[in-house]
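Text of input-v2.cif (mmCIF, C-alpha atoms) as supplied:
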data_work
loop_
_atom_site.label_atom_id
_atom_site.label_comp_id
_atom_site.auth_asym_id
_atom_site.auth_seq_id
_atom_site.Cartn_x
_atom_site.Cartn_y
_atom_site.Cartn_z
CA MET A 1 10.25 3.03 39.20
CA LEU A 2 10.35 2.63 35.45
CA ALA A 3 9.42 5.34 32.95
CA ALA A 4 9.18 4.96 29.19
CA ILE A 5 9.91 7.63 26.61
CA ILE A 6 8.70 6.78 23.14
CA ILE A 7 9.78 8.90 20.19
CA THR A 8 7.31 8.29 17.40
CA GLU A 9 9.86 8.49 14.63
CA ARG A 10 12.45 6.19 13.26
CA VAL A 11 16.05 6.98 14.17
CA ASP A 12 16.85 7.76 10.52
CA ALA A 13 14.01 10.30 10.46
CA VAL A 14 15.18 11.82 13.73
CA GLU A 15 18.64 12.11 12.23
CA GLY A 16 17.18 13.79 9.17
CA LYS A 17 17.71 10.89 6.80
CA GLN A 18 15.16 9.49 4.37
CA ALA A 19 13.38 6.37 5.54
CA ARG A 20 13.87 3.33 3.34
CA SER A 21 10.95 2.11 1.33
CA CYS A 22 10.37 -0.57 -1.25
CA ALA A 23 8.15 1.74 -3.26
CA GLY A 24 9.47 5.24 -3.13
CA SER A 25 9.59 7.46 -0.13
CA TRP A 26 6.76 7.64 2.37
CA PRO A 27 6.25 10.82 4.32
CA MET A 28 5.69 9.29 7.75
CA SER A 29 6.73 6.46 9.98
CA TRP A 30 4.73 3.28 9.43
CA ALA A 31 4.62 2.79 13.20
CA ARG A 32 2.32 5.82 13.43
CA VAL A 33 -0.13 4.52 10.85
CA GLU A 34 -3.36 3.01 12.15
CA VAL A 35 -3.25 -0.75 11.77
CA LEU A 36 -6.32 -2.85 12.58
CA GLY A 37 -7.70 -0.02 14.69
CA LYS A 38 -4.65 1.46 16.41
CA SER A 39 -1.10 2.44 15.46
CA ALA A 40 1.89 0.31 16.40
CA VAL A 41 3.20 3.17 18.55
CA ALA A 42 -0.06 3.44 20.51
CA ARG A 43 -0.17 -0.33 20.93
CA PHE A 44 3.42 -0.34 22.20
CA ALA A 45 2.56 2.39 24.72
CA ASP A 46 -0.50 0.42 25.84
CA SER A 47 1.52 -2.76 26.28
CA LEU A 48 4.12 -0.94 28.39
CA ARG A 49 1.38 0.41 30.67
CA GLN A 50 -0.13 -3.05 30.97
CA GLU A 51 3.23 -4.56 31.85
CA GLY A 52 3.70 -2.23 34.75
CA CYS A 53 5.57 0.75 33.36
CA ASP A 54 4.89 3.59 35.81
CA ALA A 55 4.90 6.43 33.27
CA VAL A 56 4.76 6.36 29.49
CA SER A 57 5.53 9.54 27.54
CA VAL A 58 5.20 9.86 23.81
CA ILE A 59 7.17 12.46 21.89
CA GLY A 60 6.40 13.07 18.25
CA SER A 61 4.67 15.09 15.63
CA ASN A 62 1.38 13.26 15.84
CA PRO A 63 -0.94 15.46 17.89
CA ALA A 64 -3.23 12.52 18.58
CA LEU A 65 -0.44 10.74 20.36
CA SER A 66 1.69 13.38 21.96
CA ALA A 67 0.90 16.34 24.12
CA SER A 68 3.27 18.64 22.30
CA ALA A 69 3.99 18.45 18.62
CA SER A 70 7.61 19.03 17.81
CA GLY A 71 9.96 19.14 14.88
CA SER A 72 12.37 16.28 14.26
CA ALA A 73 15.31 18.32 15.57
CA ASP A 74 13.58 18.69 18.93
CA TYR A 75 12.81 15.05 19.58
CA TRP A 76 15.94 14.27 21.52
CA VAL A 77 16.00 17.65 23.23
CA ASN A 78 12.47 16.98 24.49
CA ALA A 79 13.44 13.46 25.50
CA GLU A 80 16.36 14.82 27.51
CA LEU A 81 14.17 17.40 29.25
CA LEU A 82 11.60 14.75 30.07
CA LEU A 83 14.25 12.39 31.37
CA ALA A 84 15.71 15.10 33.59
CA ASN A 85 12.27 15.94 35.01
CA GLN A 86 11.33 12.33 35.65
CA LYS A 87 14.72 11.65 37.20
CA GLN A 88 13.92 14.33 39.74
CA GLU A 89 10.56 12.69 40.33
CA GLY A 90 12.35 9.53 41.43
CA PHE A 91 12.36 7.31 38.37
CA ASP A 92 15.44 5.10 38.42
CA SER A 93 15.13 3.29 35.09
CA PHE A 94 14.06 4.47 31.65
CA LEU A 95 12.97 2.65 28.56
CA ILE A 96 13.78 4.80 25.53
CA ALA A 97 12.30 3.75 22.21
CA CYS A 98 12.68 5.33 18.81
CA CYS A 99 9.56 3.67 17.66
CA GLY A 100 9.98 2.80 14.02
CA ALA A 101 9.37 -0.88 14.61
CA TYR A 102 6.58 -2.99 16.06
CA VAL A 103 8.12 -4.92 18.95
CA GLU A 104 6.48 -7.31 21.39
CA LEU A 105 8.65 -6.90 24.43
CA ASP A 106 8.66 -8.81 27.71
CA LEU A 107 9.30 -5.76 29.87
CA ALA A 108 9.84 -7.65 33.13
CA ASP A 109 12.33 -9.96 31.45
CA MET A 110 14.25 -7.05 29.93
CA ARG A 111 14.32 -5.24 33.25
CA ALA A 112 15.65 -8.35 35.01
CA PHE A 113 18.31 -8.69 32.31
CA HIS A 114 19.19 -5.01 32.69
CA ASP A 115 19.52 -5.28 36.49
CA GLU A 116 21.54 -8.46 36.19
CA HIS A 117 24.07 -7.11 33.72
CA GLY A 118 24.47 -3.77 35.44
CA ASP A 119 25.94 -1.98 32.45
CA GLY A 120 23.72 1.06 32.78
CA VAL A 121 22.53 0.71 29.20
CA THR A 122 20.79 -2.32 27.72
CA ARG A 123 19.88 -2.41 24.07
CA ALA A 124 17.20 -4.68 22.63
CA MET A 125 18.42 -7.00 19.91
CA ALA A 126 16.27 -8.72 17.32
CA PRO A 127 17.62 -11.81 15.52
CA ASP A 128 18.49 -9.61 12.52
CA GLY A 129 20.22 -6.83 14.43
CA PRO A 130 19.87 -4.13 17.08
CA LEU A 131 16.61 -2.28 17.70
CA ASP A 132 16.35 1.39 18.64
CA LEU A 133 15.11 0.46 22.06
CA TRP A 134 17.18 0.92 25.20
CA MET A 135 16.78 0.52 28.93
CA VAL A 136 18.99 2.98 30.77
CA ASP A 137 19.90 4.20 34.21
CA PRO A 138 19.54 8.00 34.27
CA SER A 139 22.74 8.32 36.32
CA ARG A 140 24.57 7.22 33.18
CA PHE A 141 23.94 10.58 31.54
CA SER A 142 25.86 13.58 32.72
CA GLY A 143 23.76 16.08 30.83
CA ARG A 144 26.84 17.35 29.02
CA ASP A 145 26.49 14.79 26.23
CA GLY A 146 23.22 14.20 24.48
CA ILE A 147 21.30 11.01 25.19
CA PHE A 148 21.26 9.86 21.63
CA PRO A 149 25.04 9.86 20.98
CA ALA A 150 25.55 8.14 24.33
CA LEU A 151 23.01 5.45 23.44
CA ARG A 152 24.29 4.83 19.94
CA GLU A 153 28.00 5.06 20.60
CA GLY A 154 28.29 3.96 24.20
CA ALA A 155 28.75 0.38 25.37
CA SER A 156 25.61 -1.56 26.13
CA ALA A 157 24.47 -5.02 27.08
CA ASP A 158 22.48 -6.71 24.34
CA TYR A 159 19.12 -8.06 25.38
CA PRO A 160 17.72 -10.63 22.94
CA VAL A 161 14.06 -9.93 22.17
CA ARG A 162 12.19 -13.22 22.01
CA GLY A 163 8.84 -11.78 20.98
CA TYR A 164 7.55 -10.79 17.56
CA VAL A 165 9.45 -8.00 15.79
CA ASN A 166 8.48 -6.19 12.60
CA ARG A 167 10.80 -3.35 11.68
CA LEU A 168 8.14 -1.54 9.63
CA GLU A 169 10.78 -0.19 7.28
CA SER A 170 8.72 -0.54 4.12
CA PRO A 171 5.13 -0.83 2.89
CA SER A 172 5.69 -4.59 2.56
CA ASP A 173 6.57 -4.77 6.27
CA PHE A 174 3.36 -2.89 7.05
CA ARG A 175 1.27 -5.32 5.01
CA ARG A 176 3.06 -8.24 6.68
CA LEU A 177 2.10 -6.84 10.08
CA VAL A 178 -1.55 -6.67 9.00
CA LEU A 179 -1.52 -10.26 7.79
CA ASP A 180 0.35 -11.45 10.89
CA GLY A 181 -2.30 -9.71 13.01
CA PHE A 182 -5.06 -11.51 11.13
CA SER A 183 -3.39 -14.89 11.37
CA GLY A 184 -2.43 -14.56 15.04
CA ARG A 185 1.32 -14.76 14.40
CA CYS A 186 1.69 -11.77 16.71
CA ARG A 187 -0.22 -10.31 19.66
CA LEU A 188 -1.62 -7.47 17.55
CA ARG A 189 -5.34 -8.15 17.42
CA PRO A 190 -7.89 -6.25 15.37
CA TYR A 191 -10.20 -3.94 17.30
CA GLY A 192 -13.95 -4.25 16.95
CA THR A 193 -16.21 -7.27 17.04
CA GLU A 194 -15.40 -10.50 15.29
CA THR A 195 -18.79 -10.88 13.64
CA ARG A 196 -17.80 -14.19 12.08
CA PRO A 197 -14.47 -16.04 12.04
CA GLY A 198 -11.83 -13.73 10.62
CA VAL A 199 -14.12 -10.74 10.01
CA TRP A 200 -13.82 -7.80 12.40
CA ILE A 201 -16.21 -4.89 12.21
CA CYS A 202 -15.94 -1.80 14.41
CA GLU A 203 -18.66 0.46 15.74
CA GLY A 204 -20.22 2.90 13.33
CA ALA A 205 -19.26 0.88 10.25
CA GLN A 206 -21.90 0.61 7.52
CA ILE A 207 -21.91 -2.19 5.00
CA GLY A 208 -24.09 -1.63 1.93
CA ARG A 209 -26.51 -4.15 0.52
CA GLY A 210 -24.92 -6.77 -1.71
CA SER A 211 -21.44 -6.16 -0.34
CA ARG A 212 -19.37 -9.15 0.68
CA ILE A 213 -16.72 -9.21 3.37
CA VAL A 214 -14.57 -12.31 3.03
CA ALA A 215 -12.25 -13.36 5.88
CA PRO A 216 -9.75 -12.31 6.92
CA ALA A 217 -10.87 -8.69 6.80
CA TYR A 218 -11.12 -5.69 9.09
CA ILE A 219 -13.62 -2.83 8.80
CA GLY A 220 -12.72 0.08 11.05
CA ARG A 221 -14.71 2.72 12.92
CA ASN A 222 -17.22 4.72 10.89
CA VAL A 223 -16.19 3.07 7.65
CA GLN A 224 -18.74 3.13 4.84
CA ILE A 225 -18.78 0.25 2.41
CA MET A 226 -21.29 1.07 -0.31
CA GLU A 227 -23.41 -1.46 -2.22
CA ASP A 228 -21.99 -4.43 -4.13
CA CYS A 229 -18.40 -4.12 -2.91
CA LEU A 230 -16.07 -7.01 -2.25
CA ILE A 231 -13.60 -6.76 0.62
CA THR A 232 -11.42 -9.83 0.73
CA ARG A 233 -8.18 -11.67 1.50
CA GLY A 234 -6.44 -9.78 4.24
CA THR A 235 -7.85 -6.34 3.56
CA ASN A 236 -8.04 -3.77 6.33
CA VAL A 237 -10.14 -0.65 5.89
CA GLU A 238 -9.14 1.77 8.62
CA SER A 239 -11.36 4.30 10.36
CA ASN A 240 -13.53 6.87 8.54
CA SER A 241 -12.75 5.51 5.09
CA GLN A 242 -15.26 5.00 2.29
CA ILE A 243 -15.33 2.34 -0.40
CA ASP A 244 -17.73 3.31 -3.13
CA PHE A 245 -20.16 1.25 -5.16
CA GLY A 246 -18.97 -2.00 -6.73
CA THR A 247 -15.29 -1.72 -5.88
CA ALA A 248 -13.30 -4.87 -5.13
CA VAL A 249 -10.46 -4.67 -2.62
CA GLU A 250 -8.13 -7.59 -2.17
CA ASP A 251 -5.00 -7.95 -0.02
CA THR A 252 -4.93 -4.19 0.49
CA SER A 253 -4.70 -1.68 3.32
CA ILE A 254 -6.95 1.36 3.06
CA LEU A 255 -5.51 3.80 5.56
CA SER A 256 -7.78 5.98 7.65
CA SER A 257 -9.92 8.71 6.07
CA SER A 258 -9.40 7.56 2.51
CA TYR A 259 -12.04 7.55 -0.21
CA VAL A 260 -11.87 4.84 -2.88
CA GLY A 261 -14.09 5.46 -5.92
CA ILE A 262 -16.69 3.52 -7.87
CA GLY A 263 -16.00 0.27 -9.70
CA LEU A 264 -12.30 -0.09 -9.02
CA ASP A 265 -10.11 -3.15 -8.61
CA LEU A 266 -7.55 -2.74 -5.85
CA CYS A 267 -5.08 -5.55 -5.25
CA HIS A 268 -1.84 -5.87 -3.25
CA SER A 269 -1.79 -2.18 -2.43
CA ILE A 270 -1.78 0.44 0.29
CA VAL A 271 -4.00 3.48 -0.18
CA ASP A 272 -3.59 6.66 1.83
CA GLY A 273 -5.86 9.36 0.46
CA SER A 274 -4.66 10.03 -3.06
CA ASN A 275 -1.45 8.02 -2.66
CA LEU A 276 -1.39 4.48 -3.93
CA ILE A 277 1.44 2.05 -3.34
CA ASN A 278 1.21 -1.08 -5.41
CA LEU A 279 3.37 -3.76 -3.86
CA ARG A 280 3.17 -6.22 -6.75
CA HIS A 281 4.51 -3.70 -9.25
CA ASN A 282 6.59 -1.87 -6.65
CA VAL A 283 5.37 1.60 -7.63
CA THR A 284 3.95 4.60 -5.81
CA LEU A 285 1.39 6.71 -7.63
CA GLU A 286 -0.35 9.91 -6.77
CA ILE A 287 -3.87 9.98 -8.12
CA THR A 288 -5.08 13.52 -8.60
CA ASP A 289 -8.56 12.62 -9.81
CA ARG A 290 -10.68 13.06 -6.70
CA VAL A 291 -13.35 10.85 -8.21
CA VAL A 292 -10.96 7.90 -8.01
CA MET A 293 -9.21 8.44 -4.67
CA ARG A 294 -8.79 11.18 -2.15
CA LYS A 295 -8.35 12.02 1.51
CA ILE A 296 -11.59 12.61 3.37
CA ALA A 297 -12.05 15.52 5.75
CA VAL A 298 -13.53 13.68 8.72
CA ARG A 299 -15.03 16.53 10.66
CA GLY A 300 -17.82 18.65 9.23
CA GLY A 301 -19.34 18.63 5.77
CA ASP A 302 -21.23 15.93 3.98
CA ARG A 303 -19.23 12.70 3.97
CA ARG A 304 -21.24 11.10 1.22
CA PRO A 305 -18.91 10.71 -1.75
CA TRP A 306 -21.42 11.86 -4.34
CA ALA A 307 -22.13 15.08 -2.49
CA GLU A 308 -18.75 16.69 -2.85
CA ILE A 309 -17.26 15.20 -5.95
CA GLU A 310 -16.27 17.59 -8.61
CA ARG A 311 -15.61 16.05 -11.96
CA GLY A 312 -11.88 16.20 -12.46
CA GLN A 313 -9.09 14.74 -14.47
CA MET A 314 -7.47 11.59 -13.28
CA ALA A 315 -3.75 11.93 -13.14
CA LEU A 316 -1.05 9.66 -11.96
CA SER A 317 2.52 10.53 -11.43
CA ALA A 318 5.23 8.26 -10.26
CA GLU A 319 7.32 9.41 -7.36
CA MET B 1 -10.20 -11.35 -50.35
CA LEU B 2 -9.26 -9.39 -47.24
CA THR B 3 -5.94 -7.60 -47.15
CA SER B 4 -4.00 -6.09 -44.28
CA GLY B 5 -1.56 -3.24 -44.18
CA PRO B 6 1.72 -3.31 -42.31
CA ILE B 7 1.79 -3.62 -38.54
CA VAL B 8 2.24 -0.17 -37.01
CA VAL B 9 4.27 0.12 -33.80
CA MET B 10 3.99 3.44 -31.97
CA GLN B 11 5.64 4.74 -28.85
CA VAL B 12 3.12 6.12 -26.35
CA PRO B 13 4.37 9.38 -24.76
CA GLU B 14 5.64 9.48 -21.18
CA VAL B 15 2.79 11.65 -19.97
CA LEU B 16 -0.68 10.88 -21.27
CA ASN B 17 -2.62 14.03 -20.51
CA VAL B 18 -5.19 15.85 -22.65
CA LYS B 19 -2.55 17.81 -24.56
CA GLU B 20 -0.30 14.84 -25.28
CA VAL B 21 -3.29 12.72 -26.26
CA ASP B 22 -4.30 15.28 -28.89
CA THR B 23 -0.79 15.38 -30.35
CA PHE B 24 -0.51 11.60 -30.29
CA MET B 25 -3.90 11.12 -31.96
CA GLU B 26 -2.99 13.51 -34.77
CA GLU B 27 -0.30 10.99 -35.67
CA LEU B 28 -2.16 7.77 -34.90
CA GLY B 29 -5.66 8.77 -36.07
CA PRO B 30 -5.09 8.43 -39.85
CA LEU B 31 -3.49 5.01 -39.37
CA LEU B 32 -6.59 3.74 -37.59
CA GLU B 33 -8.72 4.59 -40.62
CA SER B 34 -6.91 2.15 -42.91
CA ASN B 35 -8.32 -1.25 -43.83
CA ARG B 36 -7.83 -3.79 -41.01
CA PRO B 37 -5.39 -1.64 -39.03
CA ARG B 38 -2.89 -3.58 -36.96
CA VAL B 39 -1.43 -1.45 -34.23
CA VAL B 40 1.02 -2.10 -31.40
CA LEU B 41 1.36 0.62 -28.77
CA ASP B 42 4.67 0.56 -26.94
CA CYS B 43 3.82 1.71 -23.38
CA SER B 44 7.28 1.28 -21.91
CA GLN B 45 7.80 5.03 -21.42
CA VAL B 46 4.46 5.80 -19.79
CA ARG B 47 4.96 7.31 -16.36
CA SER B 48 1.78 9.30 -15.94
CA MET B 49 -1.70 8.69 -17.30
CA GLU B 50 -4.80 10.81 -17.02
CA SER B 51 -8.32 9.67 -17.74
CA ALA B 52 -7.91 11.22 -21.20
CA GLY B 53 -5.14 8.69 -21.83
CA VAL B 54 -7.28 5.73 -20.82
CA GLU B 55 -10.14 7.04 -22.94
CA MET B 56 -7.79 7.39 -25.89
CA LEU B 57 -6.68 3.76 -25.61
CA LEU B 58 -10.28 2.57 -25.47
CA ARG B 59 -11.27 4.80 -28.40
CA CYS B 60 -8.37 3.48 -30.49
CA LEU B 61 -9.36 -0.10 -29.70
CA GLU B 62 -12.94 0.61 -30.68
CA GLU B 63 -11.84 2.14 -33.97
CA VAL B 64 -9.57 -0.73 -35.00
CA LEU B 65 -12.15 -3.36 -34.06
CA LYS B 66 -14.75 -1.54 -36.16
CA ARG B 67 -12.41 -1.94 -39.14
CA ASP B 68 -11.72 -5.57 -38.41
CA GLY B 69 -8.22 -4.84 -37.15
CA ASP B 70 -6.63 -5.15 -33.74
CA LEU B 71 -4.68 -3.09 -31.22
CA LYS B 72 -2.24 -4.58 -28.75
CA LEU B 73 -0.31 -3.06 -25.89
CA ALA B 74 3.33 -3.93 -25.39
CA ALA B 75 5.97 -3.43 -22.71
CA LEU B 76 3.57 -1.85 -20.23
CA SER B 77 5.36 0.22 -17.60
CA PRO B 78 4.40 -0.64 -14.00
CA GLU B 79 2.60 2.70 -13.70
CA ALA B 80 0.48 2.04 -16.78
CA GLU B 81 -0.23 -1.52 -15.67
CA VAL B 82 -1.37 -0.41 -12.20
CA ILE B 83 -3.79 2.19 -13.52
CA LEU B 84 -5.25 -0.10 -16.18
CA GLU B 85 -5.81 -2.80 -13.55
CA LEU B 86 -7.23 -0.29 -11.09
CA ILE B 87 -9.94 0.91 -13.43
CA ARG B 88 -10.64 -2.55 -14.79
CA VAL B 89 -9.65 -2.04 -18.38
CA ALA B 90 -6.48 -4.15 -18.34
CA ARG B 91 -8.45 -7.21 -19.41
CA VAL B 92 -9.90 -5.39 -22.41
CA PHE B 93 -6.50 -5.20 -24.09
CA GLU B 94 -4.23 -7.92 -25.28
CA THR B 95 -0.85 -7.19 -23.70
CA PHE B 96 2.65 -8.44 -24.41
CA GLN B 97 6.02 -8.26 -22.68
CA THR B 98 7.76 -6.81 -25.73
CA CYS B 99 6.84 -5.11 -28.99
CA GLU B 100 8.39 -8.04 -30.89
CA ASP B 101 6.02 -10.45 -29.15
CA ALA B 102 3.06 -8.23 -29.97
CA VAL B 103 4.05 -7.96 -33.63
CA ARG B 104 4.64 -11.70 -33.83
CA SER B 105 1.19 -12.35 -32.38
CA PHE B 106 -0.44 -10.72 -35.40
CA ASN B 107 1.21 -13.29 -37.59
CA ALA B 108 0.58 -16.26 -35.33
CA ILE B 109 -2.62 -17.44 -37.04
CA PRO B 110 -3.11 -15.48 -40.25
CA ALA B 111 -6.70 -15.40 -41.41
CA ASP B 112 -5.86 -16.85 -44.83
CA ALA B 113 -4.06 -19.79 -43.19
CA VAL B 114 -7.35 -21.35 -42.04
CA PRO B 115 -8.25 -24.08 -44.55
CA GLN B 116 -11.47 -23.24 -46.34
CA ASN B 117 -11.95 -26.38 -48.47
CA ALA B 118 -13.27 -28.63 -45.67
CA PRO B 119 -16.06 -27.75 -43.23
CA TRP B 120 -15.04 -27.38 -39.57
CA TYR B 121 -17.12 -30.39 -38.52
CA ALA B 122 -15.28 -32.75 -40.85
CA ASP B 123 -12.58 -33.35 -38.26
CA VAL B 124 -15.15 -34.06 -35.58
CA PHE B 125 -16.96 -36.67 -37.68
CA SER B 126 -13.72 -38.32 -38.72
CA GLU B 127 -12.79 -38.64 -35.04
CA LEU B 128 -16.22 -40.12 -34.31
CA GLY B 129 -15.61 -42.67 -37.06
CA VAL B 130 -12.35 -43.70 -35.44
CA LEU B 131 -14.11 -44.13 -32.12
CA LYS B 132 -16.82 -46.25 -33.73
CA GLN B 133 -14.25 -48.54 -35.27
CA ALA B 134 -12.45 -48.87 -31.95
CA SER B 135 -15.65 -49.84 -30.15
#
Written form, structure tokens:
Amino acid sequence: MLAAIIITERVDAVEGKQARSCAGSWPMSWARVEVLGKSAVARFADSLRQEGCDAVSVIGSNPALSASASGSADYWVNAELLLANQKQEGFDSFLIACCGAYVELDLADMRAFHDEHGDGVTRAMAPDGPLDLWMVDPSRFSGRDGIFPALREGASADYPVRGYVNRLESPSDFRRLVLDGFSGRCRLRPYGTETRPGVWICEGAQIGRGSRIVAPAYIGRNVQIMEDCLITRGTNVESNSQIDFGTAVEDTSILSSSYVGIGLDLCHSIVDGSNLINLRHNVTLEITDRVVMRKIAVRGGDRRPWAEIERGQMALSAE
Amino acid sequence: MLTSGPIVVMQVPEVLNVKEVDTFMEELGPLLESNRPRVVLDCSQVRSMESAGVEMLLRCLEEVLKRDGDLKLAALSPEAEVILELIRVARVFETFQTCEDAVRSFNAIPADAVPQNAPWYADVFSELGVLKQAS
């Protein structure tokens, strides 16, 4: 029986190091960010279940994904506890993933490779280097040494991943994943209904009169696009976000629960609440004017942008 | 005859908030009231810009245009460029890579260099004459 343990952080985050980014630091792993309806981590867990993994456990600080939220120092401790428990339950192989990357893995093929090589530890290798993804025999761990040092420092057989790999190390990688999803270069497909070629719209989305959605584009669950907006060229607006009157969004990711104000021009960017990453200029800005951009509280209250706006100063500060 | 004063180049402060805008305008304001003011704002140091900063730029532009002058932005920092594009005012301003380029642009086609002795349509009719002869 095969069990999978997915840690929803990059290895560098688990080790307490700063994740790399092309535009300043970003507080969370890109793999946990909703992309075309679901995060890369959740999609990876789904794919493992579909490919016959008997148990999939997710360890991380995202309460939506994991049963118990934990600090970064506890990730590996929790993984070790889980592994010990599942070992007792009769699982004889484990897939351990520090899920910073989006990987399309042929699980059966990796398992066959692992059985064939008999090294006890098999590490997935992308063309540009090793991935933080291992298949292990639990007997390999004595319990005296931690799993992580044993995985990183111990000998392993290298399994070449033939599927699509995106390391999601930077905002540019994230945008590339979105565009690859739109163009079908990977198996990541947008959720929702393809209302016309290249335009996906999820349930609960509202598109205002005079607004244009130009393919490829994705409009997530409960998104509100107000009147006379333009959503175009590879833009994804994730769940519960709002784009206000007359704003044009091009080649941009609006992450979930973000409000984008009236009459703006957004290009080549990623917006998460009040944070704006512009990929063309390679800068990260924090916009403190809530009229321009802000995070939306999804539950409770009036979600209409004009109902809760307080006139404020617009401020930007580079990180 | 119209005359112009010197071209003024001013460094925009790093943070353009209400307070800094007031200080900056105390310095820049009198210059905008001259005849045909020609102003270059060096935005290379701008790291943070509030709505007061954007308003100030638009107000300055309005003032110089009223007096038949011009205002150009030079060496925009990425932060300034992103915010001006975001709120759709980037196209309102003429922008240049460097202050030197911006200053040079004022002298590119001086107003008094346009010949006044022949009407503008003279060239057109002379070209038509050439075409007639050719046909």
At a cut-off of 6 Å, can you tabulate as a Markdown table every residue of chain B near chain A together with its closest atom pair and the distance in Å to one decimal, using all atoms listed in the file and ordering rows by chain then number?
| residue | atom | partner | partner_atom | distance |
| --- | --- | --- | --- | --- |
| B:Ser48 | CA | A:Ser317 | CA | 4.7 |
| B:Met49 | CA | A:Leu316 | CA | 5.5 |
| B:Glu50 | CA | A:Ala315 | CA | 4.2 |
| B:Ser51 | CA | A:Met314 | CA | 4.9 |
| B:Pro78 | CA | A:His281 | CA | 5.7 |
| B:Leu86 | CA | A:Asp265 | CA | 4.8 |
| B:Ile87 | CA | A:Leu264 | CA | 5.1 |
Open item on the list: For this structure, which residues satisfy the selection - the PyMOL selection byres ((chain A and resi 91) around 9) - when it is evaluated on the file as given? I want them as a PyMOL selection string.
Closed with: chain A and resi 1-3+54+83+86-90+92-94+138
- [ ] Quote the spacing between CA of Phe96 in chain B and CA of Gln11 in chain B in Å to one decimal place.
- [x]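 So the two atoms, CA of Phe96 in chain B and CA of Gln11 in chain B, lie 14.2 Å apart.
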Just the residues within 12 Å of Met125 in chain A, please, counting only C-alpha atoms, with nothing from its chain fewer than 3 positions along; format it as a tab-separated table (two decimals) with C-alpha atoms, in the frame of the given file.
chain	number	residue	atom	x	y	z
A	103	VAL	CA	8.12	-4.92	18.95
A	105	LEU	CA	8.65	-6.90	24.43
A	110	MET	CA	14.25	-7.05	29.93
A	122	THR	CA	20.79	-2.32	27.72
A	128	ASP	CA	18.49	-9.61	12.52
A	129	GLY	CA	20.22	-6.83	14.43
A	130	PRO	CA	19.87	-4.13	17.08
A	131	LEU	CA	16.61	-2.28	17.70
A	132	ASP	CA	16.35	1.39	18.64
A	133	LEU	CA	15.11	0.46	22.06
A	134	TRP	CA	17.18	0.92	25.20
A	135	MET	CA	16.78	0.52	28.93
A	156	SER	CA	25.61	-1.56	26.13
A	157	ALA	CA	24.47	-5.02	27.08
A	158	ASP	CA	22.48	-6.71	24.34
A	159	TYR	CA	19.12	-8.06	25.38
A	160	PRO	CA	17.72	-10.63	22.94
A	161	VAL	CA	14.06	-9.93	22.17
A	162	ARG	CA	12.19	-13.22	22.01
A	163	GLY	CA	8.84	-11.78	20.98
A	164	TYR	CA	7.55	-10.79	17.56
A	165	VAL	CA	9.45	-8.00	15.79
A	167	ARG	CA	10.80	-3.35	11.68
- [ ] Identify, on the basis of all atoms listed in the file, every residue whose closest approach to Arg36 in chain B does not exceed 7 Å; exclude the query and any residue fewer than 3 positions from it along the same chain; express the result as an MDAnalysis selection string.
- [x] chainID B and resid 4 64 67:69
- [ ] To one decimal in Å, tell me the separation between CA of Arg43 in chain A and CA of Gly192 in chain A.
- [x]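 CA of Gly192 in chain A lies at a distance of 14.9 Å from CA of Arg43 in chain A.
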